[in-house]
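One structure below.
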Protein chains: 2
Amino acid sequence: MTNNTPVTLKFLAEKLKMSVSTVSKALNNYPTINEYTKKRVQEMARDLHFTPNKSAINLKEKKSRIIGIILPNLLDHFFTRSIYGVEQFATQNGYNVIISQSHDDLEKEIQSANMLLRSRVDGLIVAISKNTQDFAHLDQFENMGIPVVYYTRNPSFNLSCHKVLGNTFQGCYQATKFLIDRGHKKIAYLGGPKMINFTHDRFNGYINALKDNQVPFSSELVAYTDFDKENTISAIQNLFSHPENMPTALVAFKEPILFDAIKYLRSINHPNFNKIECIGFGNTSFISYLDSPPIASIEENPESVGENAIKLLLQLINKEIDIQNYQKVMVDCKLVVHGQ
Amino acid sequence: MTNNTPVTLKFLAEKLKMSVSTVSKALNNYPTINEYTKKRVQEMARDLHFTPNKSAINLKEKKSRIIGIILPNLLDHFFTRSIYGVEQFATQNGYNVIISQSHDDLEKEIQSANMLLRSRVDGLIVAISKNTQDFAHLDQFENMGIPVVYYTRNPSFNLSCHKVLGNTFQGCYQATKFLIDRGHKKIAYLGGPKMINFTHDRFNGYINALKDNQVPFSSELVAYTDFDKENTISAIQNLFSHPENMPTALVAFKEPILFDAIKYLRSINHPNFNKIECIGFGNTSFISYLDSPPIASIEENPESVGENAIKLLLQLINKEIDIQNYQKVMVDCKLVVHGQ
DNA sequence: AACTACATTTCAAACGTTTGAAATAATTGC
DNA sequence: GCAATTATTTCAAACGTTTGAAATGTAGTT
């Protein structure tokens with residue numbers, strides 16, 4: 001049975017023969033309302049399935065209790081796992097979350113931003129697209145007093161924004177150190193696209209681990225790839241083409257690249273294949289299905305990154321931190337060694 | 001520079017020394033408004049970064065142009081891919097999407113439903129949790145005239161609801177037929193949790209393919225597992241424990257189960273391991289990294305399932321289809337044969 | 001009975017938009 | 001030059017809620 005008259009406060013008030021404000025206050029448990037009245041109102045509201053209209057409340061309250069998230073896509077487990085952290089904490093604090101994918105396209109990112117602005121989100125969490133150079137569409141939010149927290153992918157050159165990042169330097173340092181401790185001297189580094197901001201941090205983690213442990217650096221042991229397969233293969237070929245600098249270990253920027261590397265080395269029957277120890281960022285369950293799994297993974301703790309982002313955002317929303325007092329939060333990575 | 005006075009129609013009106021209604025109509029391109037006036041208003045709106053308040057519009061229009069989606073989780077590629085289809089088509093038609101995860105928990109699903117109801121979504125797309133038996137929280141929507149489309153996971157016993165489903169019978173039939181055509185007589189079937197509604201459809205696809213091709217059926221070739229690893233292993237052990245019914249091929253309910261199966265068979269060095277041909281539902285990019293990949297995958301076309309769901313939902317919202325005229329849409333699977 | 005004190009309820013305005021009806025201004029025809 | 005049209009703008013109510021101020025009701029005190 002479809003109910004035609006929507007159940008509003010007014011409707012309840014008429015049924016109960018009292019004023020709208022009494023009904024409202026009764027439902028919101030105002031101390032000035034008589035207990036018996038409250039009970040009557042709440043019962044009626046329940047029986048008639050009264051559902052408060054959020055639009056009306058938002059309009060009155062001038063806030064939406066909605067957090068917007070913009071991210072490149074939902075196919076990357078890093079992002080979906082990070083959402084888990086955001087959602088969990090947001091829900092606990094009475095906020096809802098609208099997720100919008102940019103598909104790594106600036107135009108789509110702008111659209112998403114505008115729609116979230118119209119929806120008057122109380123705050124925004126964003127991982128920018130590969131192509132975002134101009135930030136007008138995101139600066140709008142701060143101009144309207146709506147806090148923005150950049151997470152993971154962020155405008156690295158810009159210090160005037162809130163950021164929550166994986167400590168990708170530390171992660172890469174740790175991985176490299178781990179390999180050094182296992183006796184490797186020729187550790188290859190396969191980096192990601194240079195335009196992604198933390199590419200350099202990871203490289204620095206690698207370099208510093210070498211330096212701190214007196215392992216000589218060679219540029220022959222470093223190559224970069226975007227996420228394109230062909231590109232990755234040629235980068236690996238490059239890495240393994242210098243006899244005097246033949247890698248015995250590999251640190252890779254991200255999981256799919258790492259898998260491509262492992263697969264390639266296996267396919268060419270590299271003589272020391274089973275000696276080569278690999279580590280990459282990311283730690284999907286799929287690893288357990290590989291026949292030659294990486295020796296360890298750099299777990300980026302996406303849930304924790306998400307949780308830190310929403311925590312910071314809520315502090316900004318609640319003005320516990322001034323919006324101009326720009327914060328930078330680093331979330332450590334954890335080296336997960338895979339069992340045999 | 002943070003702007004304190006929010007830019008509203010009223011604010012624009014004062015600046016321009018005209019009435020709020022003129023401003024509103026100018027922005028909405030009413031034919032009765034003078035062209036020059038429109039231009040002035042639109043310029044001012046642009047310059048002052050006027051952003052219409054969606055809550056106010058929703059309240060007035062009595063619709064939100066928001067579609068709600070409830071699904072078990074975002075870690076499953078089927079769901080994230082399906083969202084792509086929904087989002088794409090929704091955006092094209094001026095709708096936004098709020099995604100909510102139930103984490104396969106009924107309590108959380110109820111919470112999600114209530115929050116979407118308060119948000120006055122114009123329609124709901126839902127894949128129910130494993131434990132959803134009672135539908136009161138979802139029936140609310142239809143009672144308020146808000147259409148609901150169940151997709152993938154749905155209340156199978158209930159005919160009075162709109163459904164969009166993968167044609168899982170056809171997918172499984174096709175896969176089984178493919179294996180029969182390759183000469184297999186002993187094809188094992190590894191099914192999923194019995195409480196998921198399409199478990200039976202898949203099994204029927206398997207059975208019917210056997211029947212239609214005069215391949216004798218044996219219950220020794222059938223086993224079930226929930227998604228638990230141990231459970232899966234013991235199911236496989238079971239399948240391969242009958243000498244007179246030793247499988248030479250396998251159809252698996254879903255990808256992780258399939259991978260577990262392949263891994264196990266490899267680990268025990270099954271004598272005919274490289275002869276055993278496997279197929280499973282799902283078609284992730286991981287497959288390319290496996291050393292013993294499945295011979296084919298049953299591609300469920302999640303994007304298409306999502307797109308069909310949102311298309312149907314929009315037709316219901318626009319009353320092109322009566323809400324009581326319950327629809328069932330089936331989306332065919334496609335067998336993707338791997339490798340050379 | 002009159003007053004105070006307190007408990008409870010109601011009034012009325014506000015949030016930002018839309019839109020049909022009414023008002024006003026500009027143009028045309030004669 | 002004035003009525004009749006037509007073009008353009010404004011008025012005012014409505015959407016569903018919240019909330020401080022005002023009004024009303026009740027009980028207690030003298």
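Ordering of the structure tokens sets the chain letters (A, B, ...), residue numbers begin anew at 1 in every chain, and ligands are numbered from 1 in the order given.
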
Quiz item: Any idea what's packed within 8 Å of segment 7-22 of chain D, counting only C-alpha atoms (C1' of nucleotides), ignoring anything in its chain fewer than 5 positions away? Could you give it as a PyMOL selection string?
Solution: (chain A and resi 8-9+24+53+56-57+60-61) or (chain B and resi 19+21-22+32-34+59-62) or (chain C and resi 11+22-26)

For the selection just defined, write its residues with C-alpha atoms (C1' of nucleotides) to a file, as a PDB file, in the first residue's frame.
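Output file again.pdb follows:
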```pdb
ATOM      1  CA  THR A   8       5.765  15.351   8.105  1.00  0.00           C
ATOM      2  CA  LEU A   9       5.898  17.102  11.430  1.00  0.00           C
ATOM      3  CA  SER A  24       9.624  18.736  16.800  1.00  0.00           C
ATOM      4  CA  ASN A  53      13.441  15.227   5.787  1.00  0.00           C
ATOM      5  CA  ALA A  56      14.784  20.567   5.344  1.00  0.00           C
ATOM      6  CA  ILE A  57      17.094  19.987   8.271  1.00  0.00           C
ATOM      7  CA  LYS A  60      17.747  25.058   8.525  1.00  0.00           C
ATOM      8  CA  GLU A  61      20.955  23.911  10.157  1.00  0.00           C
TER       9      GLU A  61
ATOM     10  CA  SER B  19      13.810  40.697  -6.862  1.00  0.00           C
ATOM     11  CA  SER B  21      12.326  35.707  -8.319  1.00  0.00           C
ATOM     12  CA  THR B  22      13.829  37.574 -11.245  1.00  0.00           C
ATOM     13  CA  THR B  32       9.720  35.756 -19.731  1.00  0.00           C
ATOM     14  CA  ILE B  33      12.962  37.280 -18.479  1.00  0.00           C
ATOM     15  CA  ASN B  34      14.618  39.955 -20.566  1.00  0.00           C
ATOM     16  CA  LEU B  59      12.916  20.679  -0.381  1.00  0.00           C
ATOM     17  CA  LYS B  60      11.003  22.750  -2.877  1.00  0.00           C
ATOM     18  CA  GLU B  61      11.028  20.219  -5.702  1.00  0.00           C
ATOM     19  CA  LYS B  62      10.354  17.269  -3.458  1.00  0.00           C
TER      20      LYS B  62
ATOM     21  C1'  DC C  11       3.992  31.515  17.832  1.00  0.00           C
ATOM     22  C1'  DA C  22      -0.601  39.773  -9.866  1.00  0.00           C
ATOM     23  C1'  DA C  23       1.519  44.081 -10.866  1.00  0.00           C
ATOM     24  C1'  DT C  24       3.976  47.115 -13.609  1.00  0.00           C
ATOM     25  C1'  DA C  25       6.327  48.769 -17.747  1.00  0.00           C
ATOM     26  C1'  DA C  26       6.869  49.078 -22.572  1.00  0.00           C
TER      27       DA C  26
END
```

Least-squares superpose chain A on chain B across all ordered C-alpha pairs, then write out what you get as a compact mmCIF listing (two decimals) with C-alpha atoms, in the first residue's frame.
```txt
# COMPACT_ATOMS: atom_id res chain seq x y z
CA MET A 1 40.11 34.88 1.61
CA THR A 2 37.18 33.24 3.27
CA ASN A 3 33.84 34.59 2.20
CA ASN A 4 31.47 35.02 5.09
CA THR A 5 28.16 36.03 3.56
CA PRO A 6 26.97 33.04 1.61
CA VAL A 7 26.01 33.90 -1.95
CA THR A 8 22.31 33.21 -2.26
CA LEU A 9 19.67 34.31 -4.70
CA LYS A 10 18.70 36.99 -2.24
CA PHE A 11 22.25 38.27 -2.08
CA LEU A 12 22.46 38.42 -5.86
CA ALA A 13 19.09 40.14 -6.01
CA GLU A 14 20.22 42.85 -3.63
CA LYS A 15 23.44 43.42 -5.53
CA LEU A 16 21.53 43.67 -8.79
CA LYS A 17 18.65 45.60 -7.31
CA MET A 18 16.03 43.23 -8.58
CA SER A 19 13.73 40.68 -7.05
CA VAL A 20 14.70 37.19 -6.02
CA SER A 21 12.28 35.66 -8.48
CA THR A 22 13.78 37.51 -11.40
CA VAL A 23 17.20 36.25 -10.43
CA SER A 24 15.92 32.71 -10.06
CA LYS A 25 14.13 32.79 -13.36
CA ALA A 26 17.06 34.39 -15.12
CA LEU A 27 19.37 31.64 -13.92
CA ASN A 28 16.87 29.02 -15.01
CA ASN A 29 16.56 30.67 -18.36
CA TYR A 30 12.85 31.47 -18.24
CA PRO A 31 11.60 32.81 -21.57
CA THR A 32 9.75 35.67 -19.89
CA ILE A 33 12.97 37.22 -18.65
CA ASN A 34 14.63 39.86 -20.74
CA GLU A 35 17.80 38.69 -22.45
CA TYR A 36 19.86 41.55 -21.14
CA THR A 37 18.67 40.90 -17.62
CA LYS A 38 19.59 37.25 -17.94
CA LYS A 39 23.04 38.18 -19.04
CA ARG A 40 23.56 40.56 -16.14
CA VAL A 41 22.34 38.00 -13.64
CA GLN A 42 24.35 35.15 -15.05
CA GLU A 43 27.50 37.21 -15.09
CA MET A 44 27.02 38.30 -11.52
CA ALA A 45 26.30 34.73 -10.46
CA ARG A 46 29.49 33.56 -12.09
CA ASP A 47 31.60 36.35 -10.69
CA LEU A 48 30.36 35.80 -7.17
CA HIS A 49 30.61 32.03 -7.46
CA PHE A 50 26.97 31.49 -6.78
CA THR A 51 26.27 27.81 -6.08
CA PRO A 52 22.62 26.87 -5.75
CA ASN A 53 21.78 25.21 -2.48
CA LYS A 54 20.69 21.69 -3.28
CA SER A 55 18.91 21.23 0.02
CA ALA A 56 16.66 24.16 -0.71
CA ILE A 57 15.95 22.93 -4.21
CA ASN A 58 15.27 19.40 -3.02
CA LEU A 59 12.89 20.70 -0.43
CA LYS A 60 10.99 22.74 -2.94
CA GLU A 61 11.05 20.19 -5.73
CA LYS A 62 10.36 17.25 -3.47
CA LYS A 63 13.08 15.29 -5.09
CA SER A 64 16.76 14.93 -4.55
CA ARG A 65 18.15 13.72 -7.85
CA ILE A 66 20.13 11.29 -5.74
CA ILE A 67 20.21 7.55 -6.29
CA GLY A 68 21.18 5.38 -3.34
CA ILE A 69 23.16 2.18 -3.71
CA ILE A 70 23.52 -0.37 -0.94
CA LEU A 71 25.93 -3.20 -1.50
CA PRO A 72 27.89 -5.63 0.63
CA ASN A 73 31.32 -4.12 0.07
CA LEU A 74 33.66 -2.30 -2.24
CA LEU A 75 36.45 -4.85 -2.13
CA ASP A 76 34.71 -7.14 -4.57
CA HIS A 77 35.48 -6.12 -8.13
CA PHE A 78 32.06 -7.22 -9.26
CA PHE A 79 30.50 -4.47 -7.21
CA THR A 80 33.00 -1.75 -7.96
CA ARG A 81 32.70 -2.48 -11.66
CA SER A 82 28.92 -2.43 -11.46
CA ILE A 83 29.07 0.99 -9.81
CA TYR A 84 30.89 2.25 -12.83
CA GLY A 85 27.86 1.43 -14.96
CA VAL A 86 25.46 3.01 -12.54
CA GLU A 87 27.45 6.18 -12.03
CA GLN A 88 28.06 6.76 -15.68
CA PHE A 89 24.42 6.57 -16.67
CA ALA A 90 23.16 8.35 -13.57
CA THR A 91 25.47 11.30 -14.11
CA GLN A 92 24.44 11.58 -17.74
CA ASN A 93 20.89 11.96 -16.54
CA GLY A 94 21.60 14.50 -13.86
CA TYR A 95 21.55 12.16 -10.90
CA ASN A 96 24.14 11.72 -8.21
CA VAL A 97 24.91 8.51 -6.44
CA ILE A 98 25.40 7.76 -2.76
CA ILE A 99 27.09 4.43 -2.13
CA SER A 100 26.69 2.68 1.18
CA GLN A 101 28.38 -0.55 2.23
CA SER A 102 26.55 -3.06 4.38
CA HIS A 103 29.66 -5.16 5.01
CA ASP A 104 27.28 -8.08 4.64
CA ASP A 105 25.80 -7.15 7.97
CA LEU A 106 22.04 -6.81 8.29
CA GLU A 107 22.22 -4.20 11.04
CA LYS A 108 24.47 -2.00 8.93
CA GLU A 109 22.22 -2.53 5.93
CA ILE A 110 19.24 -1.27 7.93
CA GLN A 111 21.22 1.78 9.01
CA SER A 112 22.21 2.50 5.44
CA ALA A 113 18.63 2.15 4.28
CA ASN A 114 17.38 4.54 6.93
CA MET A 115 19.99 7.13 6.16
CA LEU A 116 19.19 6.97 2.46
CA LEU A 117 15.52 7.29 3.27
CA ARG A 118 16.17 10.40 5.31
CA SER A 119 18.21 11.74 2.43
CA ARG A 120 15.09 11.27 0.30
CA VAL A 121 16.83 9.46 -2.49
CA ASP A 122 14.70 9.28 -5.61
CA GLY A 123 15.45 5.61 -6.04
CA LEU A 124 17.43 2.75 -4.56
CA ILE A 125 19.62 0.05 -6.05
CA VAL A 126 20.49 -2.72 -3.64
CA ALA A 127 22.42 -5.96 -3.44
CA ILE A 128 21.28 -7.47 -0.18
CA SER A 129 23.52 -8.85 2.54
CA LYS A 130 23.99 -12.56 3.12
CA ASN A 131 21.73 -12.36 6.14
CA THR A 132 18.82 -10.33 4.83
CA GLN A 133 15.65 -12.35 5.34
CA ASP A 134 13.33 -9.61 6.47
CA PHE A 135 12.78 -6.71 4.09
CA ALA A 136 10.94 -4.15 6.19
CA HIS A 137 13.79 -1.65 5.94
CA LEU A 138 13.72 -1.89 2.15
CA ASP A 139 9.96 -2.09 1.76
CA GLN A 140 9.74 1.32 3.42
CA PHE A 141 10.97 2.84 0.18
CA GLU A 142 8.23 1.43 -1.98
CA ASN A 143 5.71 2.36 0.67
CA MET A 144 6.83 5.93 0.22
CA GLY A 145 6.66 5.58 -3.54
CA ILE A 146 10.43 5.38 -3.97
CA PRO A 147 11.33 2.64 -6.45
CA VAL A 148 13.79 -0.06 -5.49
CA VAL A 149 15.76 -2.23 -7.89
CA TYR A 150 17.44 -5.33 -6.52
CA TYR A 151 20.52 -6.33 -8.38
CA THR A 152 22.59 -9.48 -8.29
CA ARG A 153 21.81 -10.49 -4.74
CA ASN A 154 18.05 -10.37 -4.37
CA PRO A 155 15.19 -12.01 -2.50
CA SER A 156 14.80 -14.95 -4.85
CA PHE A 157 11.49 -16.14 -3.40
CA ASN A 158 9.89 -12.75 -3.84
CA LEU A 159 8.39 -12.00 -7.23
CA SER A 160 7.01 -8.62 -6.20
CA CYS A 161 10.16 -6.63 -6.72
CA HIS A 162 12.26 -5.32 -9.55
CA LYS A 163 15.37 -7.30 -10.30
CA VAL A 164 18.41 -7.06 -12.51
CA LEU A 165 20.51 -10.17 -12.54
CA GLY A 166 23.43 -11.69 -14.29
CA ASN A 167 22.25 -14.66 -16.28
CA THR A 168 24.22 -16.98 -14.20
CA PHE A 169 22.41 -20.04 -15.52
CA GLN A 170 23.43 -19.21 -19.05
CA GLY A 171 27.00 -18.42 -17.94
CA CYS A 172 27.42 -21.72 -16.21
CA TYR A 173 25.74 -23.61 -19.02
CA GLN A 174 28.05 -22.06 -21.54
CA ALA A 175 31.16 -22.83 -19.51
CA THR A 176 30.13 -26.43 -19.01
CA LYS A 177 29.27 -26.79 -22.68
CA PHE A 178 32.66 -25.36 -23.60
CA LEU A 179 34.39 -28.01 -21.52
CA ILE A 180 32.21 -30.77 -22.92
CA ASP A 181 33.06 -29.65 -26.43
CA ARG A 182 36.71 -29.95 -25.52
CA GLY A 183 36.07 -33.60 -24.79
CA HIS A 184 35.69 -33.60 -21.01
CA LYS A 185 33.34 -36.15 -19.49
CA LYS A 186 34.20 -35.72 -15.84
CA ILE A 187 33.52 -32.11 -15.09
CA ALA A 188 33.53 -31.15 -11.45
CA TYR A 189 31.30 -28.40 -10.12
CA LEU A 190 32.41 -26.39 -7.11
CA GLY A 191 29.48 -24.36 -5.88
CA GLY A 192 29.21 -21.40 -3.55
CA PRO A 193 27.30 -20.81 -0.32
CA LYS A 194 23.84 -22.31 -0.60
CA MET A 195 22.13 -19.29 0.90
CA ILE A 196 23.18 -17.03 -1.94
CA ASN A 197 20.25 -17.05 -4.29
CA PHE A 198 21.94 -17.74 -7.58
CA THR A 199 23.88 -20.73 -6.34
CA HIS A 200 21.10 -22.93 -7.62
CA ASP A 201 20.85 -21.21 -10.98
CA ARG A 202 24.49 -21.86 -11.62
CA PHE A 203 24.17 -25.44 -10.62
CA ASN A 204 21.21 -25.79 -12.95
CA GLY A 205 23.25 -24.35 -15.80
CA TYR A 206 25.84 -27.02 -15.15
CA ILE A 207 23.29 -29.84 -14.90
CA ASN A 208 21.41 -28.78 -18.00
CA ALA A 209 24.55 -28.54 -20.10
CA LEU A 210 25.42 -32.08 -19.07
CA LYS A 211 21.92 -33.34 -19.84
CA ASP A 212 21.63 -31.60 -23.18
CA ASN A 213 24.89 -33.18 -24.24
CA GLN A 214 24.34 -36.64 -22.87
CA VAL A 215 27.11 -36.43 -20.32
CA PRO A 216 26.18 -38.49 -17.28
CA PHE A 217 25.85 -36.65 -13.99
CA SER A 218 27.43 -37.84 -10.79
CA SER A 219 26.92 -36.28 -7.39
CA GLU A 220 30.52 -37.20 -6.64
CA LEU A 221 31.49 -34.44 -9.01
CA VAL A 222 29.67 -31.76 -7.07
CA ALA A 223 30.76 -29.99 -3.89
CA TYR A 224 29.94 -26.74 -2.14
CA THR A 225 31.92 -24.26 -0.14
CA ASP A 226 31.33 -20.99 1.56
CA PHE A 227 34.16 -18.57 0.89
CA ASP A 228 36.26 -19.93 3.70
CA LYS A 229 39.61 -21.29 2.53
CA GLU A 230 39.69 -24.44 4.64
CA ASN A 231 36.20 -25.23 3.59
CA THR A 232 37.15 -24.82 -0.05
CA ILE A 233 40.14 -27.10 0.28
CA SER A 234 38.13 -29.88 1.85
CA ALA A 235 35.51 -29.51 -0.87
CA ILE A 236 38.19 -29.94 -3.52
CA GLN A 237 39.74 -32.87 -1.71
CA ASN A 238 36.31 -34.37 -1.74
CA LEU A 239 35.87 -33.80 -5.46
CA PHE A 240 39.17 -35.49 -6.28
CA SER A 241 38.77 -38.45 -3.98
CA HIS A 242 36.68 -40.75 -6.19
CA PRO A 243 38.92 -42.74 -8.56
CA GLU A 244 36.08 -43.78 -10.83
CA ASN A 245 34.96 -40.15 -11.08
CA MET A 246 38.24 -38.32 -11.32
CA PRO A 247 37.56 -34.81 -12.69
CA THR A 248 39.42 -33.63 -15.75
CA ALA A 249 37.81 -30.22 -15.64
CA LEU A 250 36.30 -27.87 -13.09
CA VAL A 251 33.69 -25.15 -13.03
CA ALA A 252 33.95 -22.91 -9.97
CA PHE A 253 31.44 -20.55 -8.44
CA LYS A 254 33.70 -17.54 -8.16
CA GLU A 255 37.22 -16.45 -8.73
CA PRO A 256 38.89 -16.68 -5.34
CA ILE A 257 37.47 -20.17 -4.93
CA LEU A 258 38.80 -21.08 -8.33
CA PHE A 259 42.24 -19.77 -7.45
CA ASP A 260 42.20 -21.73 -4.23
CA ALA A 261 41.33 -24.81 -6.20
CA ILE A 262 44.09 -24.33 -8.74
CA LYS A 263 46.59 -23.61 -6.05
CA TYR A 264 45.63 -26.69 -4.10
CA LEU A 265 45.80 -29.01 -7.09
CA ARG A 266 49.21 -27.67 -7.94
CA SER A 267 50.40 -28.02 -4.37
CA ILE A 268 49.51 -31.70 -4.19
CA ASN A 269 51.12 -32.30 -7.56
CA HIS A 270 48.04 -33.87 -8.95
CA PRO A 271 49.21 -36.35 -11.63
CA ASN A 272 47.13 -34.88 -14.41
CA PHE A 273 47.38 -31.35 -13.16
CA ASN A 274 48.28 -29.80 -16.48
CA LYS A 275 45.37 -31.59 -18.13
CA ILE A 276 42.76 -30.21 -15.76
CA GLU A 277 40.93 -27.32 -17.30
CA CYS A 278 39.25 -24.83 -15.01
CA ILE A 279 36.71 -22.09 -15.48
CA GLY A 280 35.22 -19.74 -12.93
CA PHE A 281 32.92 -16.77 -12.63
CA GLY A 282 34.81 -13.51 -12.59
CA ASN A 283 37.48 -12.17 -14.85
CA THR A 284 39.98 -10.02 -12.98
CA SER A 285 43.16 -8.77 -14.50
CA PHE A 286 45.03 -10.78 -11.93
CA ILE A 287 44.48 -13.92 -13.98
CA SER A 288 47.27 -12.86 -16.26
CA TYR A 289 49.74 -13.23 -13.40
CA LEU A 290 48.88 -16.83 -12.60
CA ASP A 291 51.25 -19.51 -13.81
CA SER A 292 48.43 -21.96 -14.33
CA PRO A 293 45.63 -19.71 -15.36
CA PRO A 294 42.09 -20.93 -15.89
CA ILE A 295 41.40 -21.85 -19.48
CA ALA A 296 38.47 -19.46 -19.60
CA SER A 297 36.50 -17.09 -17.42
CA ILE A 298 32.81 -16.39 -17.15
CA GLU A 299 32.69 -12.65 -17.55
CA GLU A 300 29.64 -11.39 -15.69
CA ASN A 301 29.64 -7.94 -17.27
CA PRO A 302 29.13 -6.05 -14.01
CA GLU A 303 29.09 -2.68 -15.74
CA SER A 304 26.21 -3.83 -17.84
CA VAL A 305 24.37 -5.18 -14.81
CA GLY A 306 24.81 -1.80 -13.13
CA GLU A 307 23.74 0.06 -16.21
CA ASN A 308 20.61 -2.04 -16.60
CA ALA A 309 19.77 -1.48 -12.96
CA ILE A 310 20.00 2.29 -13.21
CA LYS A 311 18.16 2.33 -16.53
CA LEU A 312 15.27 0.42 -15.04
CA LEU A 313 15.33 2.59 -11.94
CA LEU A 314 15.16 5.80 -13.94
CA GLN A 315 12.23 4.45 -15.93
CA LEU A 316 10.48 3.72 -12.64
CA ILE A 317 11.33 7.16 -11.28
CA ASN A 318 10.00 8.80 -14.40
CA LYS A 319 6.93 6.59 -14.21
CA GLU A 320 7.56 5.20 -17.67
CA ILE A 321 7.04 1.85 -15.98
CA ASP A 322 4.49 1.44 -13.22
CA ILE A 323 6.10 0.70 -9.90
CA GLN A 324 3.82 -2.28 -9.37
CA ASN A 325 4.64 -3.74 -12.76
CA TYR A 326 7.55 -5.79 -11.52
CA GLN A 327 10.39 -6.28 -13.95
CA LYS A 328 13.09 -8.88 -14.18
CA VAL A 329 16.07 -8.12 -16.37
CA MET A 330 18.71 -10.70 -17.18
CA VAL A 331 22.19 -9.73 -18.33
CA ASP A 332 24.03 -12.43 -20.23
CA CYS A 333 27.47 -13.61 -19.28
CA LYS A 334 30.22 -14.02 -21.78
CA LEU A 335 32.74 -16.81 -21.89
CA VAL A 336 36.22 -15.35 -22.23
CA VAL A 337 38.77 -17.90 -23.40
CA HIS A 338 42.26 -17.06 -22.25
CA GLY A 339 45.03 -17.22 -24.76
CA GLN A 340 48.11 -19.30 -24.29
```

Quiz item: Among segment 39-107 of chain A, which residues carry a DSSP assignment of strand (DSSP E or B), reported as a ChimeraX atom specification?
Solution: /A:66-71,96-101

Please save C-alpha atoms of the selected residues as a PDB file, in the first residue's frame.
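Result file is again.pdb:
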```
ATOM      1  CA  ILE A  66      27.764  14.763   4.536  1.00  0.00           C
ATOM      2  CA  ILE A  67      31.433  14.245   3.756  1.00  0.00           C
ATOM      3  CA  GLY A  68      32.438  14.165   0.104  1.00  0.00           C
ATOM      4  CA  ILE A  69      35.209  11.958  -1.215  1.00  0.00           C
ATOM      5  CA  ILE A  70      36.729  12.366  -4.647  1.00  0.00           C
ATOM      6  CA  LEU A  71      39.148   9.723  -5.799  1.00  0.00           C
ATOM      7  CA  ASN A  96      27.403  10.196   5.718  1.00  0.00           C
ATOM      8  CA  VAL A  97      29.764   9.839   2.836  1.00  0.00           C
ATOM      9  CA  ILE A  98      29.299  10.548  -0.857  1.00  0.00           C
ATOM     10  CA  ILE A  99      31.961   8.945  -3.020  1.00  0.00           C
ATOM     11  CA  SER A 100      32.700  10.292  -6.458  1.00  0.00           C
ATOM     12  CA  GLN A 101      35.129   8.837  -8.975  1.00  0.00           C
TER      13      GLN A 101
END
```

Quiz item: Any idea what's packed within 9 Å of DT28 of chain C, counting only C-alpha atoms (C1' of nucleotides), ignoring anything in its chain fewer than 5 positions away? Could you give it as number ranges by chain?
Solution: D: 4-6

Just to be explicit: take each residue in the selection above, keep N, CA and C atoms (P, O5', C5', C4', C3', O3' and C1' of nucleotides), and write the result as a PDB file, in the first residue's frame.
```
ATOM      1  P    DA D   4      -9.718  48.711 -24.243  1.00  0.00           P
ATOM      2  O5'  DA D   4      -8.564  47.920 -24.981  1.00  0.00           O
ATOM      3  C5'  DA D   4      -8.460  48.011 -26.399  1.00  0.00           C
ATOM      4  C4'  DA D   4      -7.264  47.203 -26.845  1.00  0.00           C
ATOM      5  C3'  DA D   4      -7.156  45.823 -26.203  1.00  0.00           C
ATOM      6  O3'  DA D   4      -6.787  44.909 -27.233  1.00  0.00           O
ATOM      7  C1'  DA D   4      -5.162  47.035 -25.839  1.00  0.00           C
ATOM      8  P    DT D   5      -7.035  43.336 -27.093  1.00  0.00           P
ATOM      9  O5'  DT D   5      -5.565  42.753 -27.090  1.00  0.00           O
ATOM     10  C5'  DT D   5      -4.546  43.532 -26.566  1.00  0.00           C
ATOM     11  C4'  DT D   5      -3.259  43.346 -27.345  1.00  0.00           C
ATOM     12  C3'  DT D   5      -2.531  42.077 -26.959  1.00  0.00           C
ATOM     13  O3'  DT D   5      -1.726  41.621 -28.044  1.00  0.00           O
ATOM     14  C1'  DT D   5      -1.399  43.979 -26.070  1.00  0.00           C
ATOM     15  P    DT D   6      -1.072  40.132 -27.987  1.00  0.00           P
ATOM     16  O5'  DT D   6       0.342  40.466 -27.371  1.00  0.00           O
ATOM     17  C5'  DT D   6       1.201  41.418 -28.018  1.00  0.00           C
ATOM     18  C4'  DT D   6       2.341  41.741 -27.114  1.00  0.00           C
ATOM     19  C3'  DT D   6       3.029  40.507 -26.501  1.00  0.00           C
ATOM     20  O3'  DT D   6       4.398  40.590 -26.843  1.00  0.00           O
ATOM     21  C1'  DT D   6       2.650  42.164 -24.874  1.00  0.00           C
TER      22       DT D   6
END
```

Quiz item: Using the chain letters and numbers from this document, which residues of segment 42-239 of chain A does DSSP assign to helix (DSSP H, G or I), as a PyMOL selection string?
Solution: chain A and resi 42-47+54-61+77-92+106-118+136-143+168-181+199-212+219-221+229-239

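Residues from chain C found within 9 Å of chain B are DC15, DG16, DT17, DT18 and DT19 of chain C, counting only C-alpha atoms (C1' of nucleotides).
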
Practice problem: Could you please determine the separation between atom C1' of DT8 of chain C and atom C1' of DT30 of chain D in Å, to one decimal place? | Solution: 25.0 Å

Self-check item: One-decimal distance in Å that lies between atom C1' of DA13 of chain C and atom C1' of DT26 of chain D
Solution: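 Straight-line distance from atom C1' of DT26 of chain D to atom C1' of DA13 of chain C works out to 29.0 Å.
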